[in-house]
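What's in my_file_4.cif: mmCIF, C-alpha atoms and all ligand atoms
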data_query
#
loop_
_atom_site.group_PDB
_atom_site.id
_atom_site.type_symbol
_atom_site.label_atom_id
_atom_site.label_comp_id
_atom_site.auth_asym_id
_atom_site.auth_seq_id
_atom_site.Cartn_x
_atom_site.Cartn_y
_atom_site.Cartn_z
ATOM 1 C CA MET A 218 1.292 1.604 21.640
ATOM 2 C CA ALA A 219 1.182 -0.478 18.474
ATOM 3 C CA SER A 220 0.401 1.456 15.291
ATOM 4 C CA ILE A 221 -2.761 0.763 13.278
ATOM 5 C CA PHE A 222 -0.527 -0.933 10.731
ATOM 6 C CA THR A 223 1.118 -3.189 13.317
ATOM 7 C CA LYS A 224 -2.425 -4.231 14.265
ATOM 8 C CA ILE A 225 -3.121 -4.921 10.587
ATOM 9 C CA ILE A 226 0.025 -7.091 10.383
ATOM 10 C CA SER A 227 -1.131 -9.137 13.389
ATOM 11 C CA GLY A 228 -4.706 -9.367 12.092
ATOM 12 C CA GLU A 229 -6.123 -7.507 15.085
ATOM 13 C CA ILE A 230 -7.500 -4.975 12.565
ATOM 14 C CA PRO A 231 -8.920 -6.470 9.331
ATOM 15 C CA SER A 232 -7.500 -5.485 5.958
ATOM 16 C CA PHE A 233 -7.420 -6.573 2.352
ATOM 17 C CA LYS A 234 -3.983 -8.177 2.234
ATOM 18 C CA ILE A 235 -2.307 -8.472 -1.148
ATOM 19 C CA TYR A 236 1.035 -10.070 -0.370
ATOM 20 C CA GLU A 237 3.515 -10.535 2.455
ATOM 21 C CA ASP A 238 6.844 -12.056 3.284
ATOM 22 C CA ASP A 239 8.790 -12.247 6.537
ATOM 23 C CA ASN A 240 9.618 -8.537 6.556
ATOM 24 C CA TYR A 241 6.975 -6.659 4.541
ATOM 25 C CA LEU A 242 3.226 -6.511 3.925
ATOM 26 C CA ALA A 243 1.113 -5.034 1.106
ATOM 27 C CA PHE A 244 -2.583 -4.288 1.648
ATOM 28 C CA LEU A 245 -5.248 -2.072 0.087
ATOM 29 C CA ASP A 246 -5.593 1.496 1.362
ATOM 30 C CA ILE A 247 -8.987 1.780 3.074
ATOM 31 C CA ASN A 248 -9.611 5.285 1.660
ATOM 32 C CA PRO A 249 -8.160 4.946 -1.840
ATOM 33 C CA ASN A 250 -7.305 7.621 -4.370
ATOM 34 C CA ALA A 251 -7.968 5.042 -7.083
ATOM 35 C CA LEU A 252 -8.900 1.419 -7.595
ATOM 36 C CA GLY A 253 -5.874 -0.663 -6.559
ATOM 37 C CA HIS A 254 -4.310 1.953 -4.238
ATOM 38 C CA THR A 255 -2.021 -0.199 -2.113
ATOM 39 C CA LEU A 256 0.233 0.400 0.886
ATOM 40 C CA CYS A 257 3.527 -1.453 1.363
ATOM 41 C CA ILE A 258 4.963 -1.469 4.871
ATOM 42 C CA PRO A 259 7.886 -2.945 6.739
ATOM 43 C CA LYS A 260 6.739 -5.219 9.553
ATOM 44 C CA LYS A 261 9.280 -3.437 11.720
ATOM 45 C CA GLU A 262 7.376 -0.458 13.178
ATOM 46 C CA ILE A 263 9.406 2.668 12.374
ATOM 47 C CA ASN A 264 7.811 6.110 12.051
ATOM 48 C CA GLU A 265 9.832 7.807 9.312
ATOM 49 C CA ILE A 266 11.132 6.349 6.053
ATOM 50 C CA PHE A 267 14.674 7.651 6.352
ATOM 51 C CA ASP A 268 15.045 6.258 9.849
ATOM 52 C CA LEU A 269 14.895 2.743 8.351
ATOM 53 C CA ASP A 270 18.208 0.899 8.245
ATOM 54 C CA ASP A 271 19.615 0.574 4.715
ATOM 55 C CA GLU A 272 18.700 -3.077 4.341
ATOM 56 C CA THR A 273 15.055 -2.562 5.364
ATOM 57 C CA LEU A 274 14.744 0.549 3.172
ATOM 58 C CA SER A 275 16.103 -1.122 0.069
ATOM 59 C CA GLY A 276 14.108 -4.274 0.814
ATOM 60 C CA LEU A 277 10.919 -2.202 1.073
ATOM 61 C CA MET A 278 11.552 -0.716 -2.375
ATOM 62 C CA ILE A 279 12.226 -4.120 -3.939
ATOM 63 C CA PHE A 280 9.068 -5.497 -2.287
ATOM 64 C CA SER A 281 7.074 -2.461 -3.545
ATOM 65 C CA LYS A 282 8.409 -3.023 -7.061
ATOM 66 C CA LYS A 283 7.005 -6.550 -7.091
ATOM 67 C CA VAL A 284 3.603 -5.303 -5.895
ATOM 68 C CA ALA A 285 3.617 -2.355 -8.339
ATOM 69 C CA HIS A 286 4.167 -4.698 -11.289
ATOM 70 C CA ALA A 287 1.138 -6.736 -10.191
ATOM 71 C CA ILE A 288 -0.986 -3.573 -9.796
ATOM 72 C CA LYS A 289 0.003 -2.429 -13.312
ATOM 73 C CA LYS A 290 -1.250 -5.728 -14.723
ATOM 74 C CA ALA A 291 -4.474 -5.660 -12.685
ATOM 75 C CA VAL A 292 -5.542 -2.042 -13.251
ATOM 76 C CA VAL A 293 -5.677 -0.073 -16.498
ATOM 77 C CA CYS A 294 -3.445 2.958 -15.879
ATOM 78 C CA LYS A 295 -0.517 4.834 -17.368
ATOM 79 C CA ARG A 296 1.736 4.464 -14.340
ATOM 80 C CA VAL A 297 1.812 3.232 -10.799
ATOM 81 C CA GLY A 298 2.629 6.396 -8.846
ATOM 82 C CA VAL A 299 4.738 6.183 -5.702
ATOM 83 C CA SER A 300 4.319 8.441 -2.698
ATOM 84 C CA ILE A 301 5.638 8.402 0.835
ATOM 85 C CA ILE A 302 3.862 10.786 3.206
ATOM 86 C CA GLY A 303 3.174 9.455 6.680
ATOM 87 C CA LEU A 304 1.342 12.426 8.155
ATOM 88 C CA GLU A 305 -1.571 10.255 9.300
ATOM 89 C CA VAL A 306 -0.042 6.926 10.328
ATOM 90 C CA PRO A 307 3.377 6.914 12.076
ATOM 91 C CA HIS A 308 4.492 3.620 10.554
ATOM 92 C CA VAL A 309 6.451 3.744 7.288
ATOM 93 C CA HIS A 310 4.299 3.037 4.232
ATOM 94 C CA VAL A 311 4.765 3.368 0.480
ATOM 95 C CA HIS A 312 1.624 4.412 -1.392
ATOM 96 C CA LEU A 313 1.319 2.677 -4.784
ATOM 97 C CA ILE A 314 -1.401 4.426 -6.782
ATOM 98 C CA PRO A 315 -2.600 3.681 -10.322
ATOM 99 C CA ILE A 316 -2.544 7.036 -12.137
ATOM 100 C CA ASN A 317 -3.271 8.553 -15.532
ATOM 101 C CA LYS A 318 -2.435 12.190 -14.782
ATOM 102 C CA MET A 319 -0.434 14.151 -12.221
ATOM 103 C CA ASN A 320 -3.499 15.166 -10.173
ATOM 104 C CA ASP A 321 -4.297 11.502 -9.450
ATOM 105 C CA MET A 322 -1.474 11.708 -6.878
ATOM 106 C CA SER A 323 -3.082 14.658 -5.064
ATOM 107 C CA PHE A 324 -4.935 12.753 -2.302
ATOM 108 C CA GLU A 325 -7.754 15.284 -2.710
ATOM 109 C CA SER A 326 -10.197 13.146 -4.637
ATOM 110 C CA LYS A 327 -11.052 9.751 -3.246
ATOM 111 C CA ILE A 328 -13.164 6.880 -4.513
ATOM 112 C CA ASN A 329 -15.677 4.790 -2.588
ATOM 113 C CA LEU A 330 -15.505 1.031 -2.925
ATOM 114 C CA THR A 331 -17.903 -1.580 -1.603
ATOM 115 C CA GLN A 332 -16.607 -4.568 0.364
ATOM 116 C CA ASP A 333 -17.091 -6.698 -2.748
ATOM 117 C CA GLU A 334 -15.111 -4.258 -4.899
ATOM 118 C CA PHE A 335 -12.230 -4.274 -2.398
ATOM 119 C CA ILE A 336 -12.233 -8.083 -2.430
ATOM 120 C CA GLU A 337 -12.387 -8.225 -6.223
ATOM 121 C CA ILE A 338 -9.402 -5.909 -6.785
ATOM 122 C CA MET A 339 -7.433 -7.571 -3.954
ATOM 123 C CA LYS A 340 -7.887 -10.959 -5.643
ATOM 124 C CA LYS A 341 -7.018 -9.549 -9.055
ATOM 125 C CA ILE A 342 -3.751 -7.926 -7.893
ATOM 126 C CA LYS A 343 -2.857 -11.074 -5.915
ATOM 127 C CA SER A 344 -3.308 -13.165 -9.034
ATOM 128 C CA TYR A 345 -0.449 -11.263 -10.742
ATOM 129 C CA ILE A 346 2.070 -11.498 -7.870
HETATM 130 P P1 LIG B 1 -0.328 9.034 5.335
HETATM 131 O O1 LIG B 1 0.110 8.625 6.728
HETATM 132 O O2 LIG B 1 0.640 8.603 4.283
HETATM 133 O O3 LIG B 1 -0.645 10.497 5.263
HETATM 134 O O4 LIG B 1 -1.700 8.301 5.018
HETATM 135 C C1 LIG B 1 -2.059 7.100 5.637
HETATM 136 C C2 LIG B 1 -2.874 6.245 4.699
HETATM 137 O O5 LIG B 1 -3.288 5.097 5.428
HETATM 138 C C3 LIG B 1 -4.139 6.930 4.176
HETATM 139 O O6 LIG B 1 -4.160 6.837 2.755
HETATM 140 C C4 LIG B 1 -5.278 6.144 4.826
HETATM 141 O O7 LIG B 1 -6.402 5.994 3.992
HETATM 142 C C5 LIG B 1 -4.636 4.813 5.140
HETATM 143 N N1 LIG B 1 -5.204 4.179 6.330
HETATM 144 C C6 LIG B 1 -5.400 4.755 7.541
HETATM 145 N N2 LIG B 1 -5.932 3.883 8.411
HETATM 146 C C7 LIG B 1 -6.088 2.713 7.732
HETATM 147 C C8 LIG B 1 -6.595 1.433 8.095
HETATM 148 O O8 LIG B 1 -7.018 1.172 9.213
HETATM 149 N N3 LIG B 1 -6.586 0.478 7.120
HETATM 150 C C9 LIG B 1 -6.107 0.714 5.866
HETATM 151 N N4 LIG B 1 -6.142 -0.299 4.994
HETATM 152 N N5 LIG B 1 -5.628 1.913 5.493
HETATM 153 C C10 LIG B 1 -5.605 2.907 6.407
#
Take the structure in the file and write it out as structure tokens.
Ligand code: 5GP
Amino acid sequence: MASIFTKIISGEIPSFKIYEDDNYLAFLDINPNALGHTLCIPKKEINEIFDLDDETLSGLMIFSKKVAHAIKKAVVCKRVGVSIIGLEVPHVHVHLIPINKMNDMSFESKINLTQDEFIEIMKKIKSYI
């Protein structure tokens, strides 16, 4: 069965898409740790990061770098933290999270955004790609 993220790629499930190319997609996390929390995924549906072939793995990191630079310009933060977990969705994804302190990477405190706030930050990050 197709993963939630494959359904997001196809548009079957709606999302706030930031940027995509032939092989990768960036979109806002629906339950963000922070404003601008973005997921970068390969369009190829693979469960675990280190099962990706070398080309797709390195391409994912280069794609994430481009998105992270745009997030850094769009959101006031000290760093864009990077995390790869995958316990919830079995489709490789890189979390890019604007952070100011170590605990901002904890996934224990979440923020609530309205539809309009999601759209606003999506547009802002997109404008810096
Ligand atoms: P992980 O698999 O790395 O533990 O976490 C999966 C992440 O995907 C979570 O941060 C969760 O909020 C996000 N997520 C799960 N389902 C959806 C969805 O349908 N849309 C979006 N945009 N994000 C999702």
Counting only C-alpha atoms, I want the residues whose atoms come within 12 Å of (4.3, -5.0, -10.6) in the file frame, returned as a ChimeraX atom specification.
/A:236,253,255,278-292,296-298,313-315,342-346
Name the residues, by chain letter and number, that sit within 12 Å of ligand LIG 1 (chain B) using all atoms listed in the file, and give them as a PDB file with C-alpha atoms, in the frame of the given file.
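What follows is the written file pocket-v5.pdb:
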ATOM      1  CA  SER A 220       0.401   1.456  15.291  1.00  0.00           C
ATOM      2  CA  ILE A 221      -2.761   0.763  13.278  1.00  0.00           C
ATOM      3  CA  PHE A 222      -0.527  -0.933  10.731  1.00  0.00           C
ATOM      4  CA  THR A 223       1.118  -3.189  13.317  1.00  0.00           C
ATOM      5  CA  LYS A 224      -2.425  -4.231  14.265  1.00  0.00           C
ATOM      6  CA  ILE A 225      -3.121  -4.921  10.587  1.00  0.00           C
ATOM      7  CA  ILE A 226       0.025  -7.091  10.383  1.00  0.00           C
ATOM      8  CA  GLY A 228      -4.706  -9.367  12.092  1.00  0.00           C
ATOM      9  CA  GLU A 229      -6.123  -7.507  15.085  1.00  0.00           C
ATOM     10  CA  ILE A 230      -7.500  -4.975  12.565  1.00  0.00           C
ATOM     11  CA  PRO A 231      -8.920  -6.470   9.331  1.00  0.00           C
ATOM     12  CA  SER A 232      -7.500  -5.485   5.958  1.00  0.00           C
ATOM     13  CA  PHE A 233      -7.420  -6.573   2.352  1.00  0.00           C
ATOM     14  CA  LYS A 234      -3.983  -8.177   2.234  1.00  0.00           C
ATOM     15  CA  ILE A 235      -2.307  -8.472  -1.148  1.00  0.00           C
ATOM     16  CA  LEU A 242       3.226  -6.511   3.925  1.00  0.00           C
ATOM     17  CA  ALA A 243       1.113  -5.034   1.106  1.00  0.00           C
ATOM     18  CA  PHE A 244      -2.583  -4.288   1.648  1.00  0.00           C
ATOM     19  CA  LEU A 245      -5.248  -2.072   0.087  1.00  0.00           C
ATOM     20  CA  ASP A 246      -5.593   1.496   1.362  1.00  0.00           C
ATOM     21  CA  ILE A 247      -8.987   1.780   3.074  1.00  0.00           C
ATOM     22  CA  ASN A 248      -9.611   5.285   1.660  1.00  0.00           C
ATOM     23  CA  PRO A 249      -8.160   4.946  -1.840  1.00  0.00           C
ATOM     24  CA  ASN A 250      -7.305   7.621  -4.370  1.00  0.00           C
ATOM     25  CA  ALA A 251      -7.968   5.042  -7.083  1.00  0.00           C
ATOM     26  CA  GLY A 253      -5.874  -0.663  -6.559  1.00  0.00           C
ATOM     27  CA  HIS A 254      -4.310   1.953  -4.238  1.00  0.00           C
ATOM     28  CA  THR A 255      -2.021  -0.199  -2.113  1.00  0.00           C
ATOM     29  CA  LEU A 256       0.233   0.400   0.886  1.00  0.00           C
ATOM     30  CA  CYS A 257       3.527  -1.453   1.363  1.00  0.00           C
ATOM     31  CA  ILE A 258       4.963  -1.469   4.871  1.00  0.00           C
ATOM     32  CA  ASN A 264       7.811   6.110  12.051  1.00  0.00           C
ATOM     33  CA  GLU A 265       9.832   7.807   9.312  1.00  0.00           C
ATOM     34  CA  ILE A 266      11.132   6.349   6.053  1.00  0.00           C
ATOM     35  CA  VAL A 299       4.738   6.183  -5.702  1.00  0.00           C
ATOM     36  CA  SER A 300       4.319   8.441  -2.698  1.00  0.00           C
ATOM     37  CA  ILE A 301       5.638   8.402   0.835  1.00  0.00           C
ATOM     38  CA  ILE A 302       3.862  10.786   3.206  1.00  0.00           C
ATOM     39  CA  GLY A 303       3.174   9.455   6.680  1.00  0.00           C
ATOM     40  CA  LEU A 304       1.342  12.426   8.155  1.00  0.00           C
ATOM     41  CA  GLU A 305      -1.571  10.255   9.300  1.00  0.00           C
ATOM     42  CA  VAL A 306      -0.042   6.926  10.328  1.00  0.00           C
ATOM     43  CA  PRO A 307       3.377   6.914  12.076  1.00  0.00           C
ATOM     44  CA  HIS A 308       4.492   3.620  10.554  1.00  0.00           C
ATOM     45  CA  VAL A 309       6.451   3.744   7.288  1.00  0.00           C
ATOM     46  CA  HIS A 310       4.299   3.037   4.232  1.00  0.00           C
ATOM     47  CA  VAL A 311       4.765   3.368   0.480  1.00  0.00           C
ATOM     48  CA  HIS A 312       1.624   4.412  -1.392  1.00  0.00           C
ATOM     49  CA  LEU A 313       1.319   2.677  -4.784  1.00  0.00           C
ATOM     50  CA  ILE A 314      -1.401   4.426  -6.782  1.00  0.00           C
ATOM     51  CA  MET A 322      -1.474  11.708  -6.878  1.00  0.00           C
ATOM     52  CA  SER A 323      -3.082  14.658  -5.064  1.00  0.00           C
ATOM     53  CA  PHE A 324      -4.935  12.753  -2.302  1.00  0.00           C
ATOM     54  CA  GLU A 325      -7.754  15.284  -2.710  1.00  0.00           C
ATOM     55  CA  SER A 326     -10.197  13.146  -4.637  1.00  0.00           C
ATOM     56  CA  LYS A 327     -11.052   9.751  -3.246  1.00  0.00           C
ATOM     57  CA  ILE A 328     -13.164   6.880  -4.513  1.00  0.00           C
ATOM     58  CA  ASN A 329     -15.677   4.790  -2.588  1.00  0.00           C
ATOM     59  CA  PHE A 335     -12.230  -4.274  -2.398  1.00  0.00           C
ATOM     60  CA  MET A 339      -7.433  -7.571  -3.954  1.00  0.00           C
TER      61      MET A 339
END
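Atom pair CA of Leu330 in chain A / CA of Leu252 in chain A has a distance of 8.1 Å (rounded to one decimal).
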Residues matched by the PyMOL selection byres (((chain A and resi 295) around 7) and not hetatm), written as a PyMOL selection string:
chain A and resi 294+296+316-317
Grab all the atoms of range 286-304 of chain A that the file lists, wrap them in a box along x, y and z, add 3 Å per side, and give me centre plus edge lengths in Å (one decimal) as lines of an AutoDock Vina configuration file.
center_x = 0.0
center_y = 2.8
center_z = -4.6
size_x = 17.3
size_y = 25.2
size_z = 31.5
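Proximity ranking of A:Glu337, A:Glu272, A:Glu237, A:Glu262 relative to Met218 in chain A places A:Glu262 first, based on all atoms listed in the file.
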In Å, rounded to a single decimal, give me how far CA of Lys260 in chain A is from CA of Ser227 in chain A.
9.6 Å
